[in-house]
$ cat final-v5.cif   # mmCIF, N, CA, C and O atoms
data_final
#
loop_
_atom_site.label_atom_id
_atom_site.label_comp_id
_atom_site.auth_asym_id
_atom_site.auth_seq_id
_atom_site.Cartn_x
_atom_site.Cartn_y
_atom_site.Cartn_z
N SER S 1 0.84 -1.18 0.00
CA SER S 1 0.00 0.00 0.00
C SER S 1 0.88 1.24 0.00
O SER S 1 1.88 1.30 0.70
N THR S 2 0.49 2.22 -0.77
CA THR S 2 1.24 3.46 -0.89
C THR S 2 0.65 4.49 0.06
O THR S 2 -0.56 4.66 0.12
N ALA S 3 1.49 5.20 0.80
CA ALA S 3 1.02 6.26 1.68
C ALA S 3 0.46 7.40 0.84
O ALA S 3 0.97 7.68 -0.25
N PRO S 4 -0.59 8.08 1.32
CA PRO S 4 -1.15 9.19 0.55
C PRO S 4 -0.13 10.30 0.35
O PRO S 4 0.68 10.58 1.23
N ALA S 5 -0.16 10.91 -0.81
CA ALA S 5 0.69 12.06 -1.08
C ALA S 5 0.04 13.30 -0.46
O ALA S 5 -1.13 13.28 -0.09
N ALA S 6 0.79 14.39 -0.36
CA ALA S 6 0.27 15.63 0.20
C ALA S 6 0.12 16.67 -0.90
O ALA S 6 0.76 16.58 -1.94
N LEU S 7 -0.75 17.66 -0.66
CA LEU S 7 -0.94 18.74 -1.62
C LEU S 7 0.34 19.54 -1.75
O LEU S 7 0.96 19.89 -0.77
N ALA S 8 0.73 19.85 -2.98
CA ALA S 8 1.95 20.63 -3.15
C ALA S 8 2.31 20.76 -4.62
O ALA S 8 1.83 20.03 -5.47
N ASP S 9 3.18 21.73 -4.88
CA ASP S 9 3.93 21.75 -6.13
C ASP S 9 5.17 20.94 -5.79
O ASP S 9 5.88 21.25 -4.85
N THR S 10 5.40 19.91 -6.55
CA THR S 10 6.48 19.00 -6.19
C THR S 10 7.13 18.42 -7.44
O THR S 10 6.73 18.73 -8.55
N ILE S 11 8.10 17.60 -7.23
CA ILE S 11 8.80 16.93 -8.32
C ILE S 11 8.47 15.44 -8.26
O ILE S 11 8.67 14.80 -7.23
N LEU S 12 7.96 14.92 -9.34
CA LEU S 12 7.73 13.48 -9.46
C LEU S 12 9.01 12.87 -9.99
O LEU S 12 9.55 13.30 -11.00
N ASP S 13 9.52 11.87 -9.28
CA ASP S 13 10.77 11.20 -9.65
C ASP S 13 10.44 9.74 -9.93
O ASP S 13 9.99 9.02 -9.03
N VAL S 14 10.62 9.32 -11.17
CA VAL S 14 10.37 7.93 -11.53
C VAL S 14 11.67 7.32 -12.06
O VAL S 14 12.49 8.01 -12.66
N ARG S 15 11.84 6.05 -11.79
CA ARG S 15 13.02 5.34 -12.30
C ARG S 15 12.53 4.32 -13.30
O ARG S 15 11.71 3.46 -12.98
N ILE S 16 13.03 4.40 -14.51
CA ILE S 16 12.64 3.50 -15.58
C ILE S 16 13.74 2.45 -15.74
O ILE S 16 14.90 2.79 -15.90
N VAL S 17 13.34 1.19 -15.64
CA VAL S 17 14.30 0.11 -15.82
C VAL S 17 13.77 -0.86 -16.86
O VAL S 17 12.58 -1.01 -17.05
N ASP S 18 14.69 -1.49 -17.53
CA ASP S 18 14.39 -2.51 -18.52
C ASP S 18 14.54 -3.86 -17.83
O ASP S 18 15.60 -4.15 -17.27
N GLY S 19 13.51 -4.68 -17.85
CA GLY S 19 13.55 -5.96 -17.18
C GLY S 19 14.59 -6.91 -17.72
O GLY S 19 14.98 -7.86 -17.06
N ARG S 20 15.06 -6.66 -18.92
CA ARG S 20 16.06 -7.55 -19.52
C ARG S 20 17.48 -7.06 -19.27
O ARG S 20 18.37 -7.83 -18.97
N SER S 21 17.69 -5.75 -19.44
CA SER S 21 19.06 -5.26 -19.39
C SER S 21 19.34 -4.27 -18.26
O SER S 21 20.43 -3.74 -18.17
N GLY S 22 18.36 -4.00 -17.42
CA GLY S 22 18.60 -3.07 -16.31
C GLY S 22 18.16 -1.66 -16.65
O GLY S 22 17.03 -1.44 -17.02
N ARG S 23 19.08 -0.72 -16.54
CA ARG S 23 18.75 0.70 -16.74
C ARG S 23 18.18 0.98 -18.13
O ARG S 23 18.56 0.35 -19.10
N ALA S 24 17.32 1.97 -18.17
CA ALA S 24 16.74 2.41 -19.44
C ALA S 24 16.91 3.93 -19.54
O ALA S 24 15.95 4.67 -19.65
N ALA S 25 18.15 4.36 -19.48
CA ALA S 25 18.46 5.79 -19.46
C ALA S 25 18.05 6.49 -20.74
O ALA S 25 17.86 7.70 -20.76
N ASP S 26 17.86 5.74 -21.84
CA ASP S 26 17.51 6.36 -23.11
C ASP S 26 16.00 6.55 -23.29
O ASP S 26 15.55 6.98 -24.34
N ALA S 27 15.21 6.26 -22.27
CA ALA S 27 13.76 6.40 -22.36
C ALA S 27 13.36 7.87 -22.39
O ALA S 27 13.98 8.72 -21.75
N ASP S 28 12.32 8.17 -23.15
CA ASP S 28 11.71 9.50 -23.18
C ASP S 28 10.39 9.38 -22.42
O ASP S 28 9.53 8.58 -22.81
N VAL S 29 10.23 10.13 -21.33
CA VAL S 29 9.08 9.96 -20.45
C VAL S 29 8.23 11.22 -20.41
O VAL S 29 8.74 12.32 -20.21
N THR S 30 6.93 11.03 -20.61
CA THR S 30 5.96 12.11 -20.45
C THR S 30 5.00 11.69 -19.35
O THR S 30 4.54 10.55 -19.32
N VAL S 31 4.72 12.61 -18.43
CA VAL S 31 3.78 12.37 -17.34
C VAL S 31 2.49 13.11 -17.66
O VAL S 31 2.50 14.31 -17.92
N LEU S 32 1.38 12.38 -17.69
CA LEU S 32 0.06 12.99 -17.83
C LEU S 32 -0.67 12.74 -16.52
O LEU S 32 -0.61 11.62 -15.99
N TYR S 33 -1.33 13.75 -15.99
CA TYR S 33 -2.02 13.52 -14.72
C TYR S 33 -3.28 14.36 -14.63
O TYR S 33 -3.42 15.39 -15.29
N GLU S 34 -4.23 13.83 -13.83
CA GLU S 34 -5.52 14.50 -13.65
C GLU S 34 -6.14 14.04 -12.34
O GLU S 34 -5.85 12.96 -11.85
N MET S 35 -7.02 14.88 -11.82
CA MET S 35 -7.79 14.48 -10.65
C MET S 35 -9.00 13.70 -11.15
O MET S 35 -9.74 14.16 -12.02
N ILE S 36 -9.17 12.51 -10.61
CA ILE S 36 -10.28 11.65 -11.02
C ILE S 36 -11.60 12.30 -10.58
O ILE S 36 -11.73 12.79 -9.47
N GLY S 37 -12.58 12.31 -11.49
CA GLY S 37 -13.89 12.86 -11.18
C GLY S 37 -14.04 14.33 -11.53
O GLY S 37 -15.14 14.86 -11.48
N MET S 38 -12.97 14.97 -11.87
CA MET S 38 -13.03 16.38 -12.29
C MET S 38 -12.86 16.41 -13.81
O MET S 38 -12.25 15.53 -14.38
N GLU S 39 -13.38 17.42 -14.42
CA GLU S 39 -13.29 17.50 -15.88
C GLU S 39 -12.35 18.61 -16.31
O GLU S 39 -12.63 19.35 -17.24
N HIS S 40 -11.23 18.72 -15.62
CA HIS S 40 -10.24 19.74 -15.96
C HIS S 40 -9.35 19.32 -17.11
O HIS S 40 -8.62 20.12 -17.66
N GLY S 41 -9.36 18.04 -17.44
CA GLY S 41 -8.48 17.53 -18.47
C GLY S 41 -7.15 17.10 -17.88
O GLY S 41 -6.82 17.41 -16.74
N MET S 42 -6.39 16.39 -18.69
CA MET S 42 -5.09 15.91 -18.23
C MET S 42 -4.02 16.98 -18.45
O MET S 42 -4.05 17.70 -19.43
N ILE S 43 -3.11 17.04 -17.51
CA ILE S 43 -1.97 17.94 -17.60
C ILE S 43 -0.79 17.10 -18.08
O ILE S 43 -0.55 16.01 -17.56
N ALA S 44 -0.08 17.58 -19.08
CA ALA S 44 1.07 16.85 -19.62
C ALA S 44 2.35 17.57 -19.23
O ALA S 44 2.45 18.79 -19.32
N GLN S 45 3.32 16.79 -18.78
CA GLN S 45 4.61 17.35 -18.39
C GLN S 45 5.71 16.41 -18.87
O GLN S 45 5.69 15.22 -18.55
N HIS S 46 6.65 16.93 -19.64
CA HIS S 46 7.77 16.11 -20.09
C HIS S 46 8.74 15.93 -18.93
O HIS S 46 9.05 16.89 -18.23
N ALA S 47 9.21 14.71 -18.72
CA ALA S 47 10.16 14.43 -17.63
C ALA S 47 11.59 14.59 -18.14
O ALA S 47 11.91 14.21 -19.26
N THR S 48 12.42 15.16 -17.29
CA THR S 48 13.82 15.37 -17.61
C THR S 48 14.63 14.15 -17.18
O THR S 48 14.55 13.73 -16.02
N PRO S 49 15.42 13.57 -18.09
CA PRO S 49 16.25 12.42 -17.69
C PRO S 49 17.35 12.86 -16.72
O PRO S 49 17.95 13.92 -16.88
N ARG S 50 17.57 12.05 -15.71
CA ARG S 50 18.62 12.28 -14.71
C ARG S 50 19.57 11.08 -14.76
O ARG S 50 19.66 10.41 -15.76
N ASN S 51 20.24 10.75 -13.66
CA ASN S 51 21.15 9.60 -13.66
C ASN S 51 20.40 8.31 -13.35
O ASN S 51 19.34 8.33 -12.78
N ASP S 52 21.01 7.24 -13.72
CA ASP S 52 20.57 5.91 -13.30
C ASP S 52 19.14 5.56 -13.70
O ASP S 52 18.46 4.86 -12.97
N GLY S 53 18.67 6.09 -14.81
CA GLY S 53 17.31 5.80 -15.26
C GLY S 53 16.23 6.65 -14.63
O GLY S 53 15.05 6.49 -14.93
N HIS S 54 16.61 7.57 -13.75
CA HIS S 54 15.63 8.46 -13.12
C HIS S 54 15.20 9.55 -14.10
O HIS S 54 16.00 10.05 -14.89
N HIS S 55 13.92 9.90 -14.02
CA HIS S 55 13.35 11.00 -14.79
C HIS S 55 12.51 11.82 -13.81
O HIS S 55 11.78 11.25 -13.00
N THR S 56 12.62 13.15 -13.88
CA THR S 56 11.86 14.00 -12.97
C THR S 56 10.98 14.96 -13.75
O THR S 56 11.34 15.41 -14.84
N ALA S 57 9.81 15.26 -13.17
CA ALA S 57 8.87 16.20 -13.79
C ALA S 57 8.19 17.01 -12.69
O ALA S 57 7.75 16.44 -11.68
N PRO S 58 8.10 18.33 -12.87
CA PRO S 58 7.37 19.13 -11.90
C PRO S 58 5.87 18.89 -12.05
O PRO S 58 5.36 18.82 -13.17
N ILE S 59 5.18 18.70 -10.94
CA ILE S 59 3.73 18.52 -10.97
C ILE S 59 3.10 19.42 -9.92
O ILE S 59 3.75 19.79 -8.94
N SER S 60 1.85 19.77 -10.12
CA SER S 60 1.12 20.60 -9.18
C SER S 60 -0.18 19.90 -8.81
O SER S 60 -1.03 19.68 -9.66
N ILE S 61 -0.29 19.52 -7.56
CA ILE S 61 -1.48 18.85 -7.05
C ILE S 61 -2.27 19.89 -6.27
O ILE S 61 -1.87 20.31 -5.20
N ALA S 62 -3.42 20.31 -6.81
CA ALA S 62 -4.15 21.45 -6.27
C ALA S 62 -5.23 21.08 -5.25
O ALA S 62 -5.65 21.93 -4.47
N MET S 63 -5.70 19.84 -5.27
CA MET S 63 -6.83 19.47 -4.42
C MET S 63 -6.64 18.06 -3.86
O MET S 63 -6.04 17.22 -4.52
N PRO S 64 -7.19 17.81 -2.66
CA PRO S 64 -7.16 16.44 -2.16
C PRO S 64 -8.11 15.56 -2.97
O PRO S 64 -9.09 16.04 -3.54
N GLY S 65 -7.80 14.29 -3.02
CA GLY S 65 -8.62 13.34 -3.75
C GLY S 65 -7.75 12.31 -4.44
O GLY S 65 -6.57 12.19 -4.15
N HIS S 66 -8.34 11.59 -5.36
CA HIS S 66 -7.59 10.57 -6.09
C HIS S 66 -7.13 11.15 -7.43
O HIS S 66 -7.92 11.73 -8.18
N TRP S 67 -5.84 10.96 -7.70
CA TRP S 67 -5.22 11.48 -8.92
C TRP S 67 -4.71 10.32 -9.76
O TRP S 67 -4.15 9.37 -9.24
N ARG S 68 -4.93 10.43 -11.06
CA ARG S 68 -4.45 9.43 -12.02
C ARG S 68 -3.20 9.97 -12.69
O ARG S 68 -3.18 11.10 -13.18
N PHE S 69 -2.15 9.15 -12.70
CA PHE S 69 -0.90 9.48 -13.38
C PHE S 69 -0.68 8.45 -14.48
O PHE S 69 -0.75 7.26 -14.24
N VAL S 70 -0.42 8.93 -15.67
CA VAL S 70 -0.07 8.06 -16.79
C VAL S 70 1.36 8.38 -17.18
O VAL S 70 1.67 9.53 -17.51
N LEU S 71 2.23 7.40 -17.07
CA LEU S 71 3.62 7.57 -17.49
C LEU S 71 3.73 6.99 -18.88
O LEU S 71 3.55 5.80 -19.08
N ARG S 72 3.97 7.85 -19.87
CA ARG S 72 4.13 7.40 -21.25
C ARG S 72 5.62 7.30 -21.52
O ARG S 72 6.35 8.29 -21.46
N ILE S 73 6.08 6.09 -21.80
CA ILE S 73 7.51 5.80 -21.92
C ILE S 73 7.81 5.40 -23.36
O ILE S 73 7.31 4.38 -23.84
N ALA S 74 8.62 6.21 -24.04
CA ALA S 74 9.02 5.92 -25.42
C ALA S 74 10.48 5.50 -25.40
O ALA S 74 11.32 6.16 -24.80
N ARG S 75 10.74 4.36 -26.07
CA ARG S 75 12.11 3.85 -26.08
C ARG S 75 12.26 2.90 -27.26
O ARG S 75 11.43 2.03 -27.47
N ALA S 76 13.32 3.10 -28.03
CA ALA S 76 13.64 2.22 -29.16
C ALA S 76 12.46 2.07 -30.11
O ALA S 76 12.16 0.98 -30.59
N GLY S 77 11.77 3.19 -30.37
CA GLY S 77 10.67 3.17 -31.33
C GLY S 77 9.37 2.60 -30.81
O GLY S 77 8.39 2.48 -31.55
N GLU S 78 9.31 2.22 -29.54
CA GLU S 78 8.09 1.67 -28.94
C GLU S 78 7.62 2.59 -27.82
O GLU S 78 8.41 3.26 -27.17
N VAL S 79 6.30 2.62 -27.62
CA VAL S 79 5.71 3.43 -26.55
C VAL S 79 4.89 2.52 -25.65
O VAL S 79 4.07 1.73 -26.12
N GLU S 80 5.13 2.63 -24.36
CA GLU S 80 4.36 1.89 -23.35
C GLU S 80 3.84 2.89 -22.34
O GLU S 80 4.43 3.95 -22.15
N SER S 81 2.74 2.54 -21.69
CA SER S 81 2.18 3.40 -20.65
C SER S 81 1.97 2.62 -19.37
O SER S 81 1.63 1.44 -19.39
N VAL S 82 2.16 3.32 -18.26
CA VAL S 82 1.88 2.78 -16.94
C VAL S 82 0.92 3.74 -16.27
O VAL S 82 1.13 4.96 -16.30
N VAL S 83 -0.14 3.20 -15.67
CA VAL S 83 -1.15 4.04 -15.00
C VAL S 83 -1.08 3.80 -13.50
O VAL S 83 -1.10 2.65 -13.04
N LEU S 84 -1.01 4.89 -12.75
CA LEU S 84 -1.02 4.84 -11.29
C LEU S 84 -2.15 5.72 -10.77
O LEU S 84 -2.36 6.81 -11.30
N VAL S 85 -2.86 5.27 -9.75
CA VAL S 85 -3.86 6.09 -9.08
C VAL S 85 -3.40 6.25 -7.65
O VAL S 85 -3.18 5.27 -6.94
N LEU S 86 -3.25 7.52 -7.23
CA LEU S 86 -2.71 7.81 -5.89
C LEU S 86 -3.68 8.69 -5.12
O LEU S 86 -4.18 9.69 -5.65
N PRO S 87 -3.92 8.38 -3.83
CA PRO S 87 -4.71 9.27 -3.00
C PRO S 87 -3.86 10.45 -2.54
O PRO S 87 -2.69 10.28 -2.21
N VAL S 88 -4.45 11.65 -2.52
CA VAL S 88 -3.73 12.85 -2.08
C VAL S 88 -4.52 13.44 -0.92
O VAL S 88 -5.74 13.59 -0.99
N THR S 89 -3.82 13.75 0.17
CA THR S 89 -4.45 14.31 1.35
C THR S 89 -3.97 15.74 1.56
O THR S 89 -2.90 16.13 1.09
N PRO S 90 -4.76 16.56 2.30
CA PRO S 90 -4.32 17.95 2.56
C PRO S 90 -3.11 18.00 3.47
O PRO S 90 -2.76 17.10 4.14
#

$ encode --input "final-v5.cif" --output "structure tokens"
Amino acid sequence: STAPAALADTILDVRIVDGRSGRAADADVTVLYEMIGMEHGMIAQHATPRNDGHHTAPISIAMPGHWRFVLRIARAGEVESVVLVLPVTP
């Protein structure tokens, strides 16, 4: 179980790894996120590659509730997505 996140302007840090070869430093990552149940639309933020497969993106969580994050990962001509739903508390 994941602990609830808190309201804030913050940095999302994700580490992308390849199950076959380890690090996936060459991945291009876009973070799309939205509050579930609101019709504000998804916010898109390109993640900056860091060391060791880490990618960071600034995000702004404005309200408590459940937020959906879609990590769109492009690598070697293929695109995959991972969806996470996280509770956010004040």

$ residues_around --input "final-v5.cif" --residues "Asp9 of chain S" --least-positions-apart "6" --cutoff "5 Å" --atoms "only N, CA, C and O atoms" --output "list in words"
Ile59, Ser60 and Ile61 of chain S

$ resolve_selection --input "final-v5.cif" --expression "the PyMOL selection byres ((chain S and resi 10) around 5)" --output "PDB file with N, CA, C and O atoms, in the frame of the given file"
ATOM      1  N   ALA S   8       0.730  19.850  -2.980  1.00  0.00           N
ATOM      2  CA  ALA S   8       1.950  20.630  -3.150  1.00  0.00           C
ATOM      3  C   ALA S   8       2.310  20.760  -4.620  1.00  0.00           C
ATOM      4  O   ALA S   8       1.830  20.030  -5.470  1.00  0.00           O
ATOM      5  N   ASP S   9       3.180  21.730  -4.880  1.00  0.00           N
ATOM      6  CA  ASP S   9       3.930  21.750  -6.130  1.00  0.00           C
ATOM      7  C   ASP S   9       5.170  20.940  -5.790  1.00  0.00           C
ATOM      8  O   ASP S   9       5.880  21.250  -4.850  1.00  0.00           O
ATOM      9  N   ILE S  11       8.100  17.600  -7.230  1.00  0.00           N
ATOM     10  CA  ILE S  11       8.800  16.930  -8.320  1.00  0.00           C
ATOM     11  C   ILE S  11       8.470  15.440  -8.260  1.00  0.00           C
ATOM     12  O   ILE S  11       8.670  14.800  -7.230  1.00  0.00           O
ATOM     13  N   LEU S  12       7.960  14.920  -9.340  1.00  0.00           N
ATOM     14  CA  LEU S  12       7.730  13.480  -9.460  1.00  0.00           C
ATOM     15  C   LEU S  12       9.010  12.870  -9.990  1.00  0.00           C
ATOM     16  O   LEU S  12       9.550  13.300 -11.000  1.00  0.00           O
ATOM     17  N   ALA S  57       9.810  15.260 -13.170  1.00  0.00           N
ATOM     18  CA  ALA S  57       8.870  16.200 -13.790  1.00  0.00           C
ATOM     19  C   ALA S  57       8.190  17.010 -12.690  1.00  0.00           C
ATOM     20  O   ALA S  57       7.750  16.440 -11.680  1.00  0.00           O
ATOM     21  N   PRO S  58       8.100  18.330 -12.870  1.00  0.00           N
ATOM     22  CA  PRO S  58       7.370  19.130 -11.900  1.00  0.00           C
ATOM     23  C   PRO S  58       5.870  18.890 -12.050  1.00  0.00           C
ATOM     24  O   PRO S  58       5.360  18.820 -13.170  1.00  0.00           O
ATOM     25  N   ILE S  59       5.180  18.700 -10.940  1.00  0.00           N
ATOM     26  CA  ILE S  59       3.730  18.520 -10.970  1.00  0.00           C
ATOM     27  C   ILE S  59       3.100  19.420  -9.920  1.00  0.00           C
ATOM     28  O   ILE S  59       3.750  19.790  -8.940  1.00  0.00           O
TER      29      ILE S  59
END

$ residues_around --input "final-v5.cif" --residues "Ala74 of chain S" --least-positions-apart "6" --cutoff "4.5 Å" --atoms "only N, CA, C and O atoms" --output "list in words"
Asp26, Ala27 and Asp28 of chain S

$ residues_around --input "final-v5.cif" --residues "Val29 of chain S" --least-positions-apart "2" --cutoff "7 Å" --atoms "only C-alpha atoms" --output "ChimeraX atom specification"
/S:27,31,46-47,71-74

$ write_last_selection --input "final-v5.cif" --atoms "N, CA, C and O atoms" --output "mmCIF file, keeping the file's coordinate frame"
data_model
loop_
_atom_site.group_PDB
_atom_site.id
_atom_site.type_symbol
_atom_site.label_atom_id
_atom_site.label_comp_id
_atom_site.auth_asym_id
_atom_site.auth_seq_id
_atom_site.Cartn_x
_atom_site.Cartn_y
_atom_site.Cartn_z
ATOM 1 N N ALA S 27 15.210 6.260 -22.270
ATOM 2 C CA ALA S 27 13.760 6.400 -22.360
ATOM 3 C C ALA S 27 13.360 7.870 -22.390
ATOM 4 O O ALA S 27 13.980 8.720 -21.750
ATOM 5 N N VAL S 31 4.720 12.610 -18.430
ATOM 6 C CA VAL S 31 3.780 12.370 -17.340
ATOM 7 C C VAL S 31 2.490 13.110 -17.660
ATOM 8 O O VAL S 31 2.500 14.310 -17.920
ATOM 9 N N HIS S 46 6.650 16.930 -19.640
ATOM 10 C CA HIS S 46 7.770 16.110 -20.090
ATOM 11 C C HIS S 46 8.740 15.930 -18.930
ATOM 12 O O HIS S 46 9.050 16.890 -18.230
ATOM 13 N N ALA S 47 9.210 14.710 -18.720
ATOM 14 C CA ALA S 47 10.160 14.430 -17.630
ATOM 15 C C ALA S 47 11.590 14.590 -18.140
ATOM 16 O O ALA S 47 11.910 14.210 -19.260
ATOM 17 N N LEU S 71 2.230 7.400 -17.070
ATOM 18 C CA LEU S 71 3.620 7.570 -17.490
ATOM 19 C C LEU S 71 3.730 6.990 -18.880
ATOM 20 O O LEU S 71 3.550 5.800 -19.080
ATOM 21 N N ARG S 72 3.970 7.850 -19.870
ATOM 22 C CA ARG S 72 4.130 7.400 -21.250
ATOM 23 C C ARG S 72 5.620 7.300 -21.520
ATOM 24 O O ARG S 72 6.350 8.290 -21.460
ATOM 25 N N ILE S 73 6.080 6.090 -21.800
ATOM 26 C CA ILE S 73 7.510 5.800 -21.920
ATOM 27 C C ILE S 73 7.810 5.400 -23.360
ATOM 28 O O ILE S 73 7.310 4.380 -23.840
ATOM 29 N N ALA S 74 8.620 6.210 -24.040
ATOM 30 C CA ALA S 74 9.020 5.920 -25.420
ATOM 31 C C ALA S 74 10.480 5.500 -25.400
ATOM 32 O O ALA S 74 11.320 6.160 -24.800
#

$ closest_residue --input "final-v5.cif" --among "S:Gly53, S:Thr30, S:Val70, S:Gly65" --to "Val83 of chain S" --atoms "only C-alpha atoms"
S:Val70

$ resolve_selection --input "final-v5.cif" --expression "the PyMOL selection byres (((chain S and resi 14 and name CA) around 7) and name CA)" --output "list in words"
Leu12, Asp13, Arg15, Ile16, His54, His55 and Thr56 of chain S

$ axis_aligned_box --input "final-v5.cif" --around "segment 10-18 of chain S" --padding-each-side "8 Å" --output "lines of an AutoDock Vina configuration file"
center_x = 10.5
center_y = 7.9
center_z = -12.4
size_x = 26.2
size_y = 40.1
size_z = 28.3

$ closest_residue --input "final-v5.cif" --among "S:Met63, S:Ala24, S:Ile43, S:Met38" --to "Leu86 of chain S" --atoms "only N, CA, C and O atoms"
S:Met63

$ resolve_selection --input "final-v5.cif" --expression "the PyMOL selection byres ((chain S and resi 35-37) around 7)" --output "PDB file with N, CA, C and O atoms, keeping the file's coordinate frame"
ATOM      1  N   TYR S  33      -1.330  13.750 -15.990  1.00  0.00           N
ATOM      2  CA  TYR S  33      -2.020  13.520 -14.720  1.00  0.00           C
ATOM      3  C   TYR S  33      -3.280  14.360 -14.630  1.00  0.00           C
ATOM      4  O   TYR S  33      -3.420  15.390 -15.290  1.00  0.00           O
ATOM      5  N   GLU S  34      -4.230  13.830 -13.830  1.00  0.00           N
ATOM      6  CA  GLU S  34      -5.520  14.500 -13.650  1.00  0.00           C
ATOM      7  C   GLU S  34      -6.140  14.040 -12.340  1.00  0.00           C
ATOM      8  O   GLU S  34      -5.850  12.960 -11.850  1.00  0.00           O
ATOM      9  N   MET S  38     -12.970  14.970 -11.870  1.00  0.00           N
ATOM     10  CA  MET S  38     -13.030  16.380 -12.290  1.00  0.00           C
ATOM     11  C   MET S  38     -12.860  16.410 -13.810  1.00  0.00           C
ATOM     12  O   MET S  38     -12.250  15.530 -14.380  1.00  0.00           O
ATOM     13  N   GLU S  39     -13.380  17.420 -14.420  1.00  0.00           N
ATOM     14  CA  GLU S  39     -13.290  17.500 -15.880  1.00  0.00           C
ATOM     15  C   GLU S  39     -12.350  18.610 -16.310  1.00  0.00           C
ATOM     16  O   GLU S  39     -12.630  19.350 -17.240  1.00  0.00           O
ATOM     17  N   HIS S  40     -11.230  18.720 -15.620  1.00  0.00           N
ATOM     18  CA  HIS S  40     -10.240  19.740 -15.960  1.00  0.00           C
ATOM     19  C   HIS S  40      -9.350  19.320 -17.110  1.00  0.00           C
ATOM     20  O   HIS S  40      -8.620  20.120 -17.660  1.00  0.00           O
ATOM     21  N   GLY S  41      -9.360  18.040 -17.440  1.00  0.00           N
ATOM     22  CA  GLY S  41      -8.480  17.530 -18.470  1.00  0.00           C
ATOM     23  C   GLY S  41      -7.150  17.100 -17.880  1.00  0.00           C
ATOM     24  O   GLY S  41      -6.820  17.410 -16.740  1.00  0.00           O
ATOM     25  N   MET S  42      -6.390  16.390 -18.690  1.00  0.00           N
ATOM     26  CA  MET S  42      -5.090  15.910 -18.230  1.00  0.00           C
ATOM     27  C   MET S  42      -4.020  16.980 -18.450  1.00  0.00           C
ATOM     28  O   MET S  42      -4.050  17.700 -19.430  1.00  0.00           O
ATOM     29  N   MET S  63      -5.700  19.840  -5.270  1.00  0.00           N
ATOM     30  CA  MET S  63      -6.830  19.470  -4.420  1.00  0.00           C
ATOM     31  C   MET S  63      -6.640  18.060  -3.860  1.00  0.00           C
ATOM     32  O   MET S  63      -6.040  17.220  -4.520  1.00  0.00           O
ATOM     33  N   GLY S  65      -7.800  14.290  -3.020  1.00  0.00           N
ATOM     34  CA  GLY S  65      -8.620  13.340  -3.750  1.00  0.00           C
ATOM     35  C   GLY S  65      -7.750  12.310  -4.440  1.00  0.00           C
ATOM     36  O   GLY S  65      -6.570  12.190  -4.150  1.00  0.00           O
ATOM     37  N   HIS S  66      -8.340  11.590  -5.360  1.00  0.00           N
ATOM     38  CA  HIS S  66      -7.590  10.570  -6.090  1.00  0.00           C
ATOM     39  C   HIS S  66      -7.130  11.150  -7.430  1.00  0.00           C
ATOM     40  O   HIS S  66      -7.920  11.730  -8.180  1.00  0.00           O
ATOM     41  N   TRP S  67      -5.840  10.960  -7.700  1.00  0.00           N
ATOM     42  CA  TRP S  67      -5.220  11.480  -8.920  1.00  0.00           C
ATOM     43  C   TRP S  67      -4.710  10.320  -9.760  1.00  0.00           C
ATOM     44  O   TRP S  67      -4.150   9.370  -9.240  1.00  0.00           O
ATOM     45  N   ARG S  68      -4.930  10.430 -11.060  1.00  0.00           N
ATOM     46  CA  ARG S  68      -4.450   9.430 -12.020  1.00  0.00           C
ATOM     47  C   ARG S  68      -3.200   9.970 -12.690  1.00  0.00           C
ATOM     48  O   ARG S  68      -3.180  11.100 -13.180  1.00  0.00           O
TER      49      ARG S  68
END

$ atom_distance --input "final-v5.cif" --atom1 "atom C of Pro90 of chain S" --atom2 "atom C of Gln45 of chain S"
24.1 Å
